[in-house]
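Peer 1: First the structure, then my questions, so here it is.
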Amino acid sequence: MDVSVSERDDTAIVSVDGRIDAESAENLDSALSGVLARGGKRILLNLEKAAYMSSSGLRVLLKKFRDLRVVDGEMALCSVQPDVYRVFLLAGVHEVFPIYVGLDEIFAESEEKKENESP
């Protein structure tokens with residue numbers, strides 16, 4: 001599994017390519033921990049190329065979600081593939097994270113909020 005991190009506005013986009021299983025969950029954990037260590041408070045996990053997620057991957061996501069809540073941060077998911085989404089449904093995780101169709105959707109929503117907050 002490959003994990004890459006990019007920045008857009010004040011959001012770290014963490015993109016996963018491959019299977020998130022017991023062996024690779026540590027790579028995801030390291031990437032998310034790196035964002036938090038740099039003071040990041042907004043994470044968007046792009047699962048467009050994630051083919052599978054095990055309970056190890058779910059544990060990583062839930063722990064980082066809790067870590068972000070402590071610092072008033074947030075995590076959302078996007079482009080979740082059907083097989084991964086089924087795992088979320090079975091575990092009830094789909095009710096924990098905001099899930100967006102794609103990157104464009106979340107950033108369009110963010111821009112709309114900024115425009116509405118402007119004086």
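Ordered as shown in the structure tokens, chains take letters A, B, and onward, while each chain numbers its residues from 1 and ligands are numbered from 1 in the order shown.
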Can you check which residues of chain A DSSP gives as strand (DSSP E or B) on the backbone and send them as a ChimeraX atom specification?

Peer 2: /A:2-8,11-20,42-53,74-78,99-100

Peer 1: What are the DSSP helix (DSSP H, G or I) residues of chain A, as a VMD selection string?

Peer 2: chain A and resid 25 to 37 55 to 70 82 to 91 93 to 95 103 to 117

Peer 1: Which residues are close to Gln81 of chain A, i.e. within 10 Å by only C-alpha atoms, leaving aside same-chain residues fewer than 5 positions away? Reply as a PyMOL selection string.

Peer 2: chain A and resi 47-52+86+101

Peer 1: Please compute the atom CA of Ile20 of chain A-atom CA of Met1 of chain A distance, one decimal, in Å.

Peer 2: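 About the pair atom CA of Ile20 of chain A and atom CA of Met1 of chain A: they are 6.8 Å apart.
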
Peer 1: Using only C-alpha atoms, which of A:Asp2, A:Asp67, A:Asp104, A:Glu74 sits nearest Gly18 of chain A?

Peer 2: A:Asp2

Peer 1: So how many Å separate atom CA of Asp10 of chain A and atom CA of Asn27 of chain A, to one decimal?

Peer 2: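 Atom CA of Asn27 of chain A lies 22.5 Å from atom CA of Asp10 of chain A.
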
Peer 1: Tell me which of A:Leu68, A:Leu61, A:Val87, A:Ala12 sits closest to Glu26 of chain A, counting only C-alpha atoms.

Peer 2: A:Leu61

Peer 1: Here is a test: counting only C-alpha atoms, which residue of A:Met53, A:Leu28, A:Val84, A:Ile43 is nearest to Thr11 of chain A?

Peer 2: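 Nearest to Thr11 of chain A: A:Ile43.
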
Peer 1: What is the atom CA of Pro82 of chain A-atom CA of Asp29 of chain A distance in Å, reported with one decimal?

Peer 2: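 For atom CA of Pro82 of chain A relative to atom CA of Asp29 of chain A, the distance reads 22.4 Å.
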
Peer 1: Identify, on the basis of only C-alpha atoms, every residue whose closest approach to segment 37-41 of chain A does not exceed 12 Å; exclude the query and any residue fewer than 2 positions from it along the same chain; express the result as a PyMOL selection string.

Peer 2: chain A and resi 5-14+29-35+43-44+64-76

Peer 1: Could you save those same residues with N, CA, C and O atoms as a compact mmCIF listing (two decimals), in the first residue's frame?

Peer 2:
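The result, stored in out-v9.txt:
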# COMPACT_ATOMS: atom_id res chain seq x y z
N VAL A 5 0.62 12.28 1.02
CA VAL A 5 -0.01 13.41 1.71
C VAL A 5 0.24 14.66 0.90
O VAL A 5 1.37 14.95 0.50
N SER A 6 -0.84 15.39 0.64
CA SER A 6 -0.73 16.69 -0.03
C SER A 6 -1.55 17.69 0.78
O SER A 6 -2.31 17.31 1.67
N GLU A 7 -1.38 18.95 0.48
CA GLU A 7 -2.09 20.00 1.21
C GLU A 7 -2.95 20.80 0.24
O GLU A 7 -2.55 21.06 -0.89
N ARG A 8 -4.13 21.17 0.70
CA ARG A 8 -5.01 22.07 -0.05
C ARG A 8 -5.71 22.94 0.97
O ARG A 8 -6.42 22.43 1.84
N ASP A 9 -5.49 24.23 0.87
CA ASP A 9 -5.97 25.18 1.87
C ASP A 9 -5.44 24.73 3.23
O ASP A 9 -4.25 24.53 3.37
N ASP A 10 -6.30 24.55 4.19
CA ASP A 10 -5.85 24.12 5.52
C ASP A 10 -6.13 22.64 5.76
O ASP A 10 -6.21 22.19 6.90
N THR A 11 -6.24 21.87 4.68
CA THR A 11 -6.58 20.46 4.77
C THR A 11 -5.45 19.59 4.25
O THR A 11 -4.93 19.84 3.16
N ALA A 12 -5.11 18.58 5.03
CA ALA A 12 -4.16 17.56 4.56
C ALA A 12 -4.96 16.47 3.86
O ALA A 12 -5.89 15.91 4.45
N ILE A 13 -4.61 16.20 2.63
CA ILE A 13 -5.28 15.14 1.87
C ILE A 13 -4.36 13.92 1.91
O ILE A 13 -3.26 13.95 1.38
N VAL A 14 -4.85 12.88 2.57
CA VAL A 14 -4.08 11.64 2.69
C VAL A 14 -4.72 10.64 1.74
O VAL A 14 -5.87 10.24 1.92
N ASP A 29 -1.07 4.82 9.67
CA ASP A 29 -0.92 5.42 10.99
C ASP A 29 0.21 6.44 10.99
O ASP A 29 0.06 7.56 11.51
N SER A 30 1.33 6.10 10.39
CA SER A 30 2.49 7.01 10.34
C SER A 30 2.17 8.28 9.56
O SER A 30 2.53 9.38 9.97
N ALA A 31 1.47 8.13 8.44
CA ALA A 31 1.12 9.30 7.63
C ALA A 31 0.19 10.23 8.39
O ALA A 31 0.38 11.45 8.40
N LEU A 32 -0.83 9.66 9.03
CA LEU A 32 -1.78 10.48 9.80
C LEU A 32 -1.10 11.11 11.01
O LEU A 32 -1.34 12.28 11.34
N SER A 33 -0.22 10.37 11.67
CA SER A 33 0.51 10.91 12.81
C SER A 33 1.41 12.06 12.39
O SER A 33 1.56 13.05 13.12
N GLY A 34 1.99 11.96 11.19
CA GLY A 34 2.82 13.04 10.67
C GLY A 34 2.04 14.32 10.47
O GLY A 34 2.53 15.41 10.78
N VAL A 35 0.82 14.20 9.99
CA VAL A 35 -0.03 15.39 9.82
C VAL A 35 -0.31 16.03 11.18
O VAL A 35 -0.20 17.24 11.35
N ILE A 43 -8.13 16.67 8.20
CA ILE A 43 -7.63 15.59 7.35
C ILE A 43 -8.77 15.07 6.49
O ILE A 43 -9.86 14.80 6.97
N LEU A 44 -8.47 14.93 5.21
CA LEU A 44 -9.39 14.30 4.27
C LEU A 44 -8.70 13.04 3.78
O LEU A 44 -7.63 13.11 3.17
N LYS A 64 -7.08 7.97 15.24
CA LYS A 64 -6.70 9.31 14.76
C LYS A 64 -7.90 10.26 14.80
O LYS A 64 -7.73 11.45 15.07
N PHE A 65 -9.08 9.75 14.59
CA PHE A 65 -10.29 10.57 14.71
C PHE A 65 -10.40 11.11 16.14
O PHE A 65 -10.65 12.30 16.35
N ARG A 66 -10.18 10.23 17.13
CA ARG A 66 -10.21 10.67 18.54
C ARG A 66 -9.09 11.66 18.83
O ARG A 66 -9.31 12.66 19.53
N ASP A 67 -7.90 11.40 18.31
CA ASP A 67 -6.77 12.32 18.51
C ASP A 67 -7.09 13.70 17.95
O ASP A 67 -6.75 14.72 18.56
N LEU A 68 -7.72 13.74 16.80
CA LEU A 68 -8.09 15.02 16.20
C LEU A 68 -9.16 15.75 17.02
O LEU A 68 -9.12 16.97 17.15
N ARG A 69 -10.10 15.01 17.56
CA ARG A 69 -11.16 15.62 18.37
C ARG A 69 -10.58 16.35 19.59
O ARG A 69 -11.09 17.39 19.99
N VAL A 70 -9.51 15.80 20.15
CA VAL A 70 -8.87 16.40 21.32
C VAL A 70 -8.34 17.80 21.00
O VAL A 70 -8.36 18.68 21.85
N VAL A 71 -7.90 18.01 19.77
CA VAL A 71 -7.35 19.31 19.37
C VAL A 71 -8.34 20.10 18.51
O VAL A 71 -7.95 20.99 17.76
N ASP A 72 -9.63 19.78 18.64
CA ASP A 72 -10.68 20.43 17.86
C ASP A 72 -10.46 20.28 16.35
O ASP A 72 -10.75 21.18 15.57
N GLY A 73 -9.95 19.13 15.96
CA GLY A 73 -9.73 18.84 14.55
C GLY A 73 -10.85 18.00 13.99
O GLY A 73 -11.81 17.66 14.69
N GLU A 74 -10.72 17.67 12.72
CA GLU A 74 -11.75 16.88 12.06
C GLU A 74 -11.15 16.01 10.97
O GLU A 74 -10.12 16.34 10.40
N MET A 75 -11.82 14.90 10.72
CA MET A 75 -11.42 13.99 9.65
C MET A 75 -12.65 13.60 8.85
O MET A 75 -13.70 13.33 9.42
N ALA A 76 -12.48 13.61 7.54
CA ALA A 76 -13.56 13.18 6.65
C ALA A 76 -12.95 12.19 5.65
O ALA A 76 -11.74 12.13 5.46
